[in-house]
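**Q** Next comes entry-v3.txt, compact mmCIF, C-alpha atoms:
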```
# COMPACT_ATOMS: atom_id res chain seq x y z
CA MET A 1 28.63 1.02 -27.21
CA ALA A 2 26.28 -0.98 -25.03
CA GLU A 3 24.97 2.12 -23.35
CA ARG A 4 24.30 3.97 -26.62
CA ARG A 5 22.35 1.20 -28.37
CA LEU A 6 20.47 -0.05 -25.35
CA GLY A 7 19.86 3.52 -24.32
CA ASP A 8 17.85 4.08 -27.50
CA ALA A 9 15.77 0.98 -26.74
CA VAL A 10 15.25 2.14 -23.14
CA GLN A 11 13.96 5.50 -24.36
CA ARG A 12 11.48 3.82 -26.71
CA PHE A 13 10.34 1.56 -23.89
CA LEU A 14 9.86 4.44 -21.45
CA ALA A 15 7.93 6.42 -24.05
CA GLU A 16 5.50 3.53 -24.47
CA LEU A 17 5.33 2.88 -20.73
CA GLY A 18 4.48 6.53 -20.08
CA GLN A 19 1.17 6.11 -21.91
CA THR A 20 -0.22 3.85 -19.20
CA ALA A 21 2.00 3.98 -16.10
CA SER A 22 1.89 6.58 -13.35
CA PRO A 23 4.60 9.28 -13.23
CA ALA A 24 6.05 7.65 -10.10
CA THR A 25 6.35 4.26 -11.81
CA LEU A 26 7.87 5.84 -14.89
CA ASP A 27 10.49 7.68 -12.83
CA ALA A 28 11.34 4.54 -10.87
CA TYR A 29 11.79 2.42 -14.01
CA ARG A 30 13.91 5.16 -15.59
CA ARG A 31 16.26 5.05 -12.58
CA ASP A 32 16.34 1.26 -12.59
CA LEU A 33 17.25 0.99 -16.26
CA ALA A 34 19.76 3.83 -15.98
CA ALA A 35 21.51 1.82 -13.25
CA LEU A 36 21.69 -1.14 -15.63
CA LEU A 37 23.21 0.98 -18.40
CA VAL A 38 25.84 2.38 -16.03
CA TYR A 39 26.71 -1.14 -14.86
CA LEU A 40 27.10 -2.41 -18.43
CA ASP A 41 29.28 0.54 -19.35
CA GLU A 42 31.50 0.18 -16.26
CA HIS A 43 32.04 -3.52 -16.95
CA ASP A 44 32.41 -3.06 -20.71
CA ILE A 45 29.64 -5.55 -21.48
CA ALA A 46 28.62 -5.61 -25.14
CA ASP A 47 25.04 -5.39 -26.36
CA ASP A 48 24.83 -9.03 -27.40
CA LYS A 49 25.71 -10.12 -23.85
CA ALA A 50 23.92 -7.40 -21.92
CA LEU A 51 20.53 -9.03 -21.52
CA ASN A 52 21.29 -12.63 -20.72
CA VAL A 53 20.76 -14.52 -17.50
CA ALA A 54 24.40 -14.42 -16.39
CA SER A 55 24.80 -10.65 -16.91
CA LEU A 56 21.50 -9.82 -15.23
CA ARG A 57 22.28 -12.03 -12.25
CA ARG A 58 25.64 -10.31 -11.84
CA PHE A 59 23.96 -6.92 -12.11
CA LEU A 60 21.39 -7.73 -9.42
CA ALA A 61 24.10 -9.22 -7.20
CA SER A 62 26.15 -6.07 -7.64
CA GLU A 63 23.20 -3.90 -6.66
CA ARG A 64 22.61 -6.05 -3.60
CA SER A 65 26.26 -5.95 -2.54
CA ARG A 66 26.28 -2.16 -2.58
CA GLY A 67 23.40 -2.14 -0.09
CA LEU A 68 20.25 -1.78 -2.18
CA ALA A 69 17.19 -2.73 -0.10
CA PRO A 70 15.28 -5.92 -0.98
CA ARG A 71 12.20 -3.93 -2.01
CA SER A 72 14.29 -1.81 -4.38
CA LEU A 73 15.95 -4.92 -5.80
CA ARG A 74 12.55 -6.42 -6.52
CA ARG A 75 11.58 -3.26 -8.37
CA ARG A 76 14.88 -3.36 -10.30
CA ARG A 77 14.04 -6.88 -11.39
CA ALA A 78 10.48 -5.89 -12.33
CA ALA A 79 11.80 -3.05 -14.50
CA LEU A 80 14.24 -5.39 -16.22
CA SER A 81 11.51 -7.94 -16.84
CA ARG A 82 9.12 -5.41 -18.32
CA PHE A 83 11.85 -3.96 -20.52
CA SER A 84 12.83 -7.44 -21.70
CA GLU A 85 9.20 -8.24 -22.54
CA PHE A 86 9.12 -5.06 -24.60
CA LEU A 87 12.21 -6.19 -26.54
CA VAL A 88 10.66 -9.63 -27.09
CA GLU A 89 7.57 -7.96 -28.54
CA GLN A 90 9.84 -5.84 -30.75
CA GLY A 91 11.62 -8.96 -32.02
CA GLN A 92 14.95 -7.93 -30.47
CA LEU A 93 15.02 -10.72 -27.88
CA GLY A 94 14.01 -14.32 -28.26
CA HIS A 95 12.83 -14.71 -24.66
CA ASN A 96 12.70 -12.89 -21.34
CA PRO A 97 15.92 -13.77 -19.46
CA VAL A 98 14.70 -12.16 -16.22
CA ALA A 99 12.36 -15.11 -15.68
CA LEU A 100 15.43 -17.18 -14.73
CA THR A 101 16.67 -14.71 -12.13
CA ARG A 102 15.51 -14.31 -8.56
CA ALA A 103 15.11 -11.31 -6.30
CA PRO A 104 15.29 -11.43 -2.49
CA LYS A 105 12.07 -11.66 -0.59
CA THR A 106 10.83 -8.42 0.90
CA PRO A 107 10.36 -8.54 4.69
CA ARG A 108 6.69 -8.24 5.50
CA ASP A 109 6.06 -6.05 8.52
CA LEU A 110 2.86 -6.18 10.47
CA PRO A 111 0.64 -3.14 9.94
CA ARG A 112 0.33 -0.70 12.82
CA PRO A 113 -3.32 0.20 13.38
CA LEU A 114 -4.30 3.02 15.67
CA ASP A 115 -5.86 2.18 19.01
CA VAL A 116 -9.63 2.07 18.54
CA ASP A 117 -10.36 4.42 21.45
CA LEU A 118 -7.62 6.84 20.45
CA LEU A 119 -8.88 6.93 16.88
CA GLY A 120 -12.48 7.37 18.01
CA HIS A 121 -11.50 10.30 20.21
CA PHE A 122 -9.54 11.86 17.33
CA LEU A 123 -12.44 11.59 14.89
CA ASP A 124 -14.88 12.99 17.46
CA THR A 125 -12.69 16.00 18.28
CA PRO A 126 -14.49 19.14 16.98
CA HIS A 127 -12.85 21.01 14.10
CA ASP A 128 -13.11 24.71 13.21
CA GLY A 129 -16.10 24.25 10.88
CA SER A 130 -14.35 25.69 7.82
CA PRO A 131 -15.07 24.14 4.39
CA LEU A 132 -11.60 22.62 4.34
CA SER A 133 -12.04 21.05 7.76
CA VAL A 134 -15.48 19.74 6.79
CA ARG A 135 -13.93 18.18 3.69
CA ASP A 136 -11.07 16.72 5.73
CA GLN A 137 -13.50 15.22 8.22
CA ALA A 138 -15.39 13.54 5.37
CA MET A 139 -12.15 12.08 4.01
CA LEU A 140 -11.08 10.83 7.43
CA GLU A 141 -14.41 9.22 8.17
CA LEU A 142 -14.62 7.60 4.73
CA LEU A 143 -11.09 6.21 4.86
CA TYR A 144 -11.74 4.57 8.22
CA SER A 145 -15.37 3.63 7.51
CA SER A 146 -14.71 1.87 4.22
CA GLY A 147 -11.02 0.92 4.31
CA LEU A 148 -10.14 2.75 1.10
CA ARG A 149 -6.68 3.07 -0.38
CA LEU A 150 -5.35 6.59 -0.95
CA ALA A 151 -5.64 6.22 -4.74
CA GLU A 152 -9.21 4.95 -4.42
CA LEU A 153 -10.25 7.92 -2.30
CA ALA A 154 -8.61 10.44 -4.61
CA ALA A 155 -10.29 8.92 -7.69
CA LEU A 156 -13.83 9.09 -6.30
CA ASP A 157 -16.42 11.04 -8.28
CA LEU A 158 -19.74 12.34 -7.04
CA ASN A 159 -21.66 9.64 -8.87
CA ASP A 160 -19.67 6.92 -7.08
CA LEU A 161 -21.65 7.66 -3.93
CA GLN A 162 -24.87 5.70 -3.53
CA ALA A 163 -27.19 5.01 -0.64
CA ASN A 164 -25.01 3.76 2.23
CA ARG A 165 -22.24 2.55 -0.07
CA VAL A 166 -19.51 3.77 -2.39
CA ARG A 167 -18.17 2.32 -5.63
CA VAL A 168 -14.37 2.27 -5.95
CA ILE A 169 -11.89 1.11 -8.57
CA GLY A 170 -9.18 -0.92 -6.88
CA LYS A 171 -5.90 -2.43 -8.01
CA GLY A 172 -5.99 -3.97 -11.45
CA ALA A 173 -8.94 -1.70 -12.33
CA LYS A 174 -11.22 -4.02 -10.36
CA PRO A 175 -14.43 -2.32 -9.18
CA ARG A 176 -16.02 -3.10 -5.84
CA GLN A 177 -18.69 -1.63 -3.60
CA VAL A 178 -18.09 -1.05 0.08
CA PRO A 179 -20.50 0.13 2.77
CA VAL A 180 -20.36 3.63 4.22
CA GLY A 181 -20.96 3.91 7.96
CA ARG A 182 -23.42 6.30 9.58
CA ARG A 183 -20.80 8.76 10.81
CA ALA A 184 -19.07 8.80 7.42
CA ALA A 185 -22.40 9.34 5.66
CA GLN A 186 -23.15 12.31 7.92
CA ALA A 187 -19.73 13.84 7.25
CA LEU A 188 -20.13 13.33 3.48
CA THR A 189 -23.56 14.96 3.50
CA GLN A 190 -22.13 18.00 5.26
CA TRP A 191 -19.23 18.22 2.80
CA ILE A 192 -21.40 17.85 -0.31
CA GLY A 193 -23.49 20.77 0.94
CA LEU A 194 -20.35 22.94 0.78
CA ARG A 195 -18.57 21.35 -2.16
CA SER A 196 -20.39 23.26 -4.93
CA ALA A 197 -18.93 26.53 -3.67
CA MET A 198 -15.39 25.17 -4.13
CA ALA A 199 -15.61 22.88 -7.17
CA GLY A 200 -14.79 24.20 -10.62
CA ASP A 201 -17.28 24.06 -13.47
CA GLY A 202 -17.76 20.51 -14.68
CA GLU A 203 -15.51 19.04 -11.96
CA MET A 204 -16.85 15.61 -10.99
CA ALA A 205 -14.33 14.77 -8.27
CA LEU A 206 -15.84 14.14 -4.85
CA PHE A 207 -12.97 15.84 -3.03
CA VAL A 208 -11.63 19.09 -4.46
CA GLY A 209 -9.03 21.61 -3.37
CA GLN A 210 -9.13 25.37 -3.06
CA GLN A 211 -8.47 25.75 -6.80
CA GLY A 212 -11.62 23.77 -7.55
CA ASN A 213 -9.80 20.74 -8.99
CA ARG A 214 -9.53 17.13 -7.85
CA LEU A 215 -7.49 16.80 -4.68
CA GLY A 216 -4.20 14.98 -5.33
CA HIS A 217 -2.57 12.22 -3.33
CA ARG A 218 0.02 14.38 -1.62
CA ALA A 219 -2.52 17.06 -0.77
CA ILE A 220 -4.67 14.42 0.95
CA GLN A 221 -1.69 13.14 2.90
CA ARG A 222 -0.76 16.66 4.00
CA ARG A 223 -4.29 17.42 5.13
CA LEU A 224 -4.40 14.29 7.28
CA VAL A 225 -1.12 15.28 8.92
CA THR A 226 -2.51 18.79 9.49
CA GLN A 227 -5.67 17.50 11.14
CA ALA A 228 -3.68 15.08 13.31
CA ARG A 229 -1.50 17.94 14.53
CA ARG A 230 -4.41 20.31 15.16
CA ARG A 231 -6.37 17.73 17.14
CA GLY A 232 -3.41 16.52 19.16
CA LEU A 233 -3.16 12.98 17.82
CA PRO A 234 0.11 11.70 19.33
CA GLU A 235 0.88 9.36 16.42
CA HIS A 236 1.71 9.75 12.74
CA LEU A 237 -1.37 9.57 10.53
CA HIS A 238 -1.49 8.60 6.89
CA PRO A 239 -4.27 7.10 4.71
CA HIS A 240 -2.91 3.56 4.71
CA ARG A 241 -2.81 3.52 8.49
CA LEU A 242 -6.53 4.27 8.55
CA ARG A 243 -7.02 1.36 6.14
CA HIS A 244 -5.00 -0.89 8.46
CA SER A 245 -7.09 0.29 11.40
CA PHE A 246 -10.32 -0.42 9.51
CA ALA A 247 -9.23 -3.98 8.74
CA SER A 248 -7.82 -4.76 12.18
CA HIS A 249 -10.75 -3.34 14.14
CA LEU A 250 -13.29 -5.06 11.88
CA LEU A 251 -11.55 -8.41 12.17
CA GLU A 252 -11.31 -8.11 15.95
CA SER A 253 -15.08 -7.68 16.11
CA SER A 254 -16.32 -9.97 13.34
CA HIS A 255 -13.57 -12.64 12.97
CA ASP A 256 -14.78 -12.92 9.36
CA LEU A 257 -11.59 -13.01 7.30
CA ARG A 258 -13.38 -13.53 3.98
CA ALA A 259 -15.57 -10.49 4.52
CA VAL A 260 -12.55 -8.34 5.36
CA GLN A 261 -10.83 -9.63 2.22
CA GLU A 262 -13.79 -8.57 0.06
CA LEU A 263 -14.05 -5.17 1.70
CA LEU A 264 -10.34 -4.48 1.25
CA GLY A 265 -10.38 -5.68 -2.35
CA HIS A 266 -7.57 -8.19 -1.85
CA ALA A 267 -7.17 -10.67 -4.68
CA ASN A 268 -5.55 -13.27 -2.40
CA LEU A 269 -6.66 -14.31 1.06
CA SER A 270 -3.00 -14.61 2.08
CA THR A 271 -2.73 -10.83 1.82
CA THR A 272 -5.56 -10.37 4.32
CA GLN A 273 -4.15 -12.98 6.69
CA VAL A 274 -1.55 -10.51 7.92
CA TYR A 275 -4.35 -9.11 10.09
CA THR A 276 -4.96 -12.49 11.71
CA ARG A 277 -1.39 -12.39 12.99
CA LEU A 278 -2.00 -8.94 14.41
CA ASP A 279 -5.26 -10.05 16.04
CA TRP A 280 -3.58 -13.15 17.49
CA GLN A 281 -0.84 -11.07 19.06
CA HIS A 282 -3.45 -8.87 20.72
CA LEU A 283 -5.38 -11.88 22.05
CA ALA A 284 -2.21 -13.63 23.21
CA GLU A 285 -0.97 -10.60 25.10
CA SER A 286 -4.36 -10.24 26.80
CA TYR A 287 -4.23 -13.93 27.74
CA ASP A 288 -0.74 -13.63 29.20
CA GLN A 289 -1.79 -10.68 31.34
CA ALA A 290 -5.15 -12.05 32.53
CA HIS A 291 -5.03 -15.82 32.91
CA PRO A 292 -3.81 -16.88 36.37
CA ARG A 293 -1.93 -19.89 34.98
CA ALA A 294 -0.33 -17.95 32.15
CA ARG A 295 1.30 -15.08 34.02
CA ARG A 296 5.00 -14.86 33.59
CA SER A 297 7.11 -15.98 36.55
CA GLY A 298 10.42 -14.42 35.60
CA SER A 299 12.13 -11.77 33.57
CA ASP A 300 12.92 -14.20 30.77
CA GLY A 301 9.32 -14.16 29.52
CA ALA A 302 8.74 -17.87 30.21
CA ARG A 303 5.80 -19.37 32.05
CA PRO A 304 6.07 -21.83 34.95
CA GLY A 305 7.20 -25.19 33.65
CA GLY A 306 9.39 -23.65 30.98
CA GLU A 307 6.59 -22.90 28.50
CA GLU A 308 7.04 -20.03 26.12
CA SER A 309 4.73 -17.04 26.26
CA THR A 310 1.67 -17.42 24.04
CA ALA A 311 2.38 -13.98 22.60
CA ASN A 312 5.48 -15.39 20.93
CA THR A 313 3.53 -17.96 18.93
CA ASP A 314 1.60 -17.38 15.75
CA PRO A 315 -0.85 -20.00 14.51
CA ALA A 316 -1.44 -18.06 11.30
CA THR A 317 2.10 -18.76 10.15
CA THR A 318 1.24 -22.44 9.87
CA ASP A 319 -1.02 -21.70 6.91
CA GLU A 320 0.94 -18.75 5.59
CA ARG A 321 4.47 -20.15 5.61
CA HIS A 322 4.28 -21.13 1.95
CA ALA A 323 1.66 -18.60 0.85
CA PRO A 324 2.85 -16.00 -1.68
CA HIS A 325 2.83 -12.41 -0.51
CA GLN A 326 2.70 -10.34 -3.66
CA GLU A 327 0.18 -7.69 -2.71
CA MET A 328 0.39 -4.83 -0.28
CA PRO A 329 -2.46 -4.75 2.26
```
Now that the file is in, can you turn its structure into structure tokens?
**A**
Amino acid sequence: MAERRLGDAVQRFLAELGQTASPATLDAYRRDLAALLVYLDEHDIADDKALNVASLRRFLASERSRGLAPRSLRRRRAALSRFSEFLVEQGQLGHNPVALTRAPKTPRDLPRPLDVDLLGHFLDTPHDGSPLSVRDQAMLELLYSSGLRLAELAALDLNDLQANRVRVIGKGAKPRQVPVGRRAAQALTQWIGLRSAMAGDGEMALFVGQQGNRLGHRAIQRRLVTQARRRGLPEHLHPHRLRHSFASHLLESSHDLRAVQELLGHANLSTTQVYTRLDWQHLAESYDQAHPRARRSGSDGARPGGEESTANTDPATTDERHAPHQEMP
């Protein structure tokens, strides 16, 4: 009974959500809410007790006990919260019970930028000169030059390009302008000279595929992998790794965290601070290897006098320990 009645409400919610959410988000929420309906049915929980704090806590605990990853649990909770808000708006719930539940924190891994010399050699490696390779080179240069997200690159139109800068729409539909470096500008000029022969009539997208339409996210990812393989890059390449490399290399040179935050389009400085930890590790490792009084004296990684290696400390965590991490870099 619970599954039938709530199932109707879930379908109405998903229909409304589909008007604004991406297909990936819609599919994820459909799976999350389907898991809830299965749980309610298996435990014979009636409709009037399905969406209360106790039932939802037991559901999330059950999902965790069967091995669901923390990131997936957080998405489960987000789907439940959004569905509950929908029912509140429909007058079917008096409040959102998910607000009184908690999801486990997601471990935050440090980004893995490419080595600056390795990346420079990769970008400078000649390609075959075909229109597709010229387009790919422009995408590669722009991703690294301006630190764009994959979605931001794919959404670019011709009129978003201006003199030495590009206008992008970031998360939360927030526009920003970022500079375009000399090498990226040269690659874009070469691509635009060939683009008209590929683009369909009236197509405004900056990057188009062989069918003349806007290049999609997965097509961009595949082309980066193709170029990495052709040019012999010994590491996996994806758009977000170029964004990480942009941020890390810029911070290493400028040490201007606020500027990097603005260029990346981060709403919170705490999101950008992950790169300070990465930069500190690099500096600490260099110190350990170079300073005559810091070199390790044994295999245990300790310095003379029992001091711990500098590379194992992280001053950024002092400020970040209580900072919320809600945004992906």
**Q** Taking only C-alpha atoms into account, which of A:Ser84, A:Leu100, A:Ala24, A:Val38 comes nearest Ser62 of chain A?
**A** A:Val38
**Q** To one decimal in Å, tell me the separation between atom CA of Asp117 of chain A and atom CA of His249 of chain A.
**A**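 Value for the atom CA of Asp117 of chain A-atom CA of His249 of chain A distance: 10.7 Å.
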**Q** Please return, as a list in words, all polymer residues that have at least one atom within 10 Å of the point (-14.6, 8.4, 9.7); use all atoms listed in the file and the file's own coordinate frame.
**A** Leu119, Gly120, Phe122, Leu123, Asp124, Asp136, Gln137, Ala138, Met139, Leu140, Glu141, Leu142, Leu143, Tyr144, Ser145, Ser146, Gly147, Val180, Gly181, Arg182, Arg183, Ala184, Ala185, Gln186, Ala187, Leu188, Leu242 and Phe246 of chain A
**Q** Looking at A:Met198, A:Ala61, A:Leu6, A:Ala28, which one is nearest to Ile45 of chain A, with distances taken over all atoms listed in the file?
**A**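 Ranked by minimum distance to Ile45 of chain A, first place goes to A:Leu6.
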**Q** Using atom CA of Arg176 of chain A and atom CA of Gly265 of chain A as the two end points, give the distance in Å to one decimal.
**A**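 Separation between atom CA of Arg176 of chain A and atom CA of Gly265 of chain A: 7.1 Å.
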**Q** In Å, rounded to a single decimal, give me how far atom CA of Leu114 of chain A is from atom CA of Arg231 of chain A.
**A**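 Interatomic distance here is 14.9 Å.
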**Q** May I ask which of the residues A:Arg167, A:His43, A:Arg214, A:Arg230 is the closest one to Asp128 of chain A, counting only C-alpha atoms?
**A**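 Using only C-alpha atoms, the shortest distance to Asp128 of chain A belongs to A:Arg230.
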**Q** What's the 10 Å shell around Tyr39 of chain A, counting all atoms listed in the file, without same-chain residues fewer than 4 positions away, as a CSV table (one decimal) with C-alpha atoms, in the coordinates of the input?
**A**
```
chain,number,residue,atom,x,y,z
A,3,GLU,CA,25.0,2.1,-23.4
A,33,LEU,CA,17.2,1.0,-16.3
A,34,ALA,CA,19.8,3.8,-16.0
A,35,ALA,CA,21.5,1.8,-13.2
A,43,HIS,CA,32.0,-3.5,-17.0
A,44,ASP,CA,32.4,-3.1,-20.7
A,45,ILE,CA,29.6,-5.6,-21.5
A,50,ALA,CA,23.9,-7.4,-21.9
A,55,SER,CA,24.8,-10.6,-16.9
A,58,ARG,CA,25.6,-10.3,-11.8
A,59,PHE,CA,24.0,-6.9,-12.1
A,62,SER,CA,26.2,-6.1,-7.6
A,63,GLU,CA,23.2,-3.9,-6.7
```
**Q** Given 8 Å of margin on each side, can you work out the centre and size in Å (one decimal) of an axis-aligned box holding every listed atom of segment 125-131 of chain A, as JSON?
**A**
```
{"center_x": -14.4, "center_y": 20.8, "center_z": 11.3, "size_x": 19.4, "size_y": 25.7, "size_z": 29.9}
```
**Q** Please list, as a list in words, the residues that have an atom at most 9 Å away from (-8.5, -5.5, -1.1) in the coordinates of this file, counting only C-alpha atoms.
**A**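 With a cut-off of 9 Å, the residues come to Gly147, Leu148, Arg149, Gly170, Lys171, Val260, Gln261, Glu262, Leu263, Leu264, Gly265, His266, Ala267, Asn268, Thr271, Thr272, Met328 and Pro329 of chain A.
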**Q** Nearest to Leu153 of chain A: which of A:Gln273, A:Gln210, A:Gln221, A:Ser248 is it, counting only C-alpha atoms?
**A**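 Answer, going by the shortest atom-to-atom distance: A:Gln221.
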**Q** Can you pull out the residues contacting Arg64 of chain A? Cut-off 12 Å, using all atoms listed in the file, and skip same-chain residues under 2 positions away; I want them as an MDAnalysis selection string.
**A** chainID A and resid 57:62 66:74 76:77 102:104
**Q** As a CSV table (one decimal) with C-alpha atoms, in the frame of the given file, please: the residues near Gly232 of chain A (cut-off 10 Å, only C-alpha atoms, same-chain neighbours under 4 positions excluded).
**A**
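The file below, result-v1.csv, is the result:
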```csv
chain,number,residue,atom,x,y,z
A,122,PHE,CA,-9.5,11.9,17.3
A,125,THR,CA,-12.7,16.0,18.3
A,226,THR,CA,-2.5,18.8,9.5
A,227,GLN,CA,-5.7,17.5,11.1
A,228,ALA,CA,-3.7,15.1,13.3
```
**Q** Counting all atoms listed in the file, which of A:Ala99, A:Leu14, A:Leu26, A:Leu224 gets nearest to Asn52 of chain A?
**A** A:Ala99
**Q** Find the residues near segment 158-161 of chain A: any atom within 9 Å, counting only C-alpha atoms, skip ones fewer than 2 places away on the same chain, and give them as JSON, numbers by chain.
**A** {"A": [156, 163, 164, 165, 166, 167, 168, 192, 204, 205, 206, 207]}
**Q** Using only C-alpha atoms, can you tell me which of A:Pro113, A:His255, A:His217, A:Glu85 comes closest to Ala151 of chain A?
**A**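 Ranked by minimum distance to Ala151 of chain A, first place goes to A:His217.
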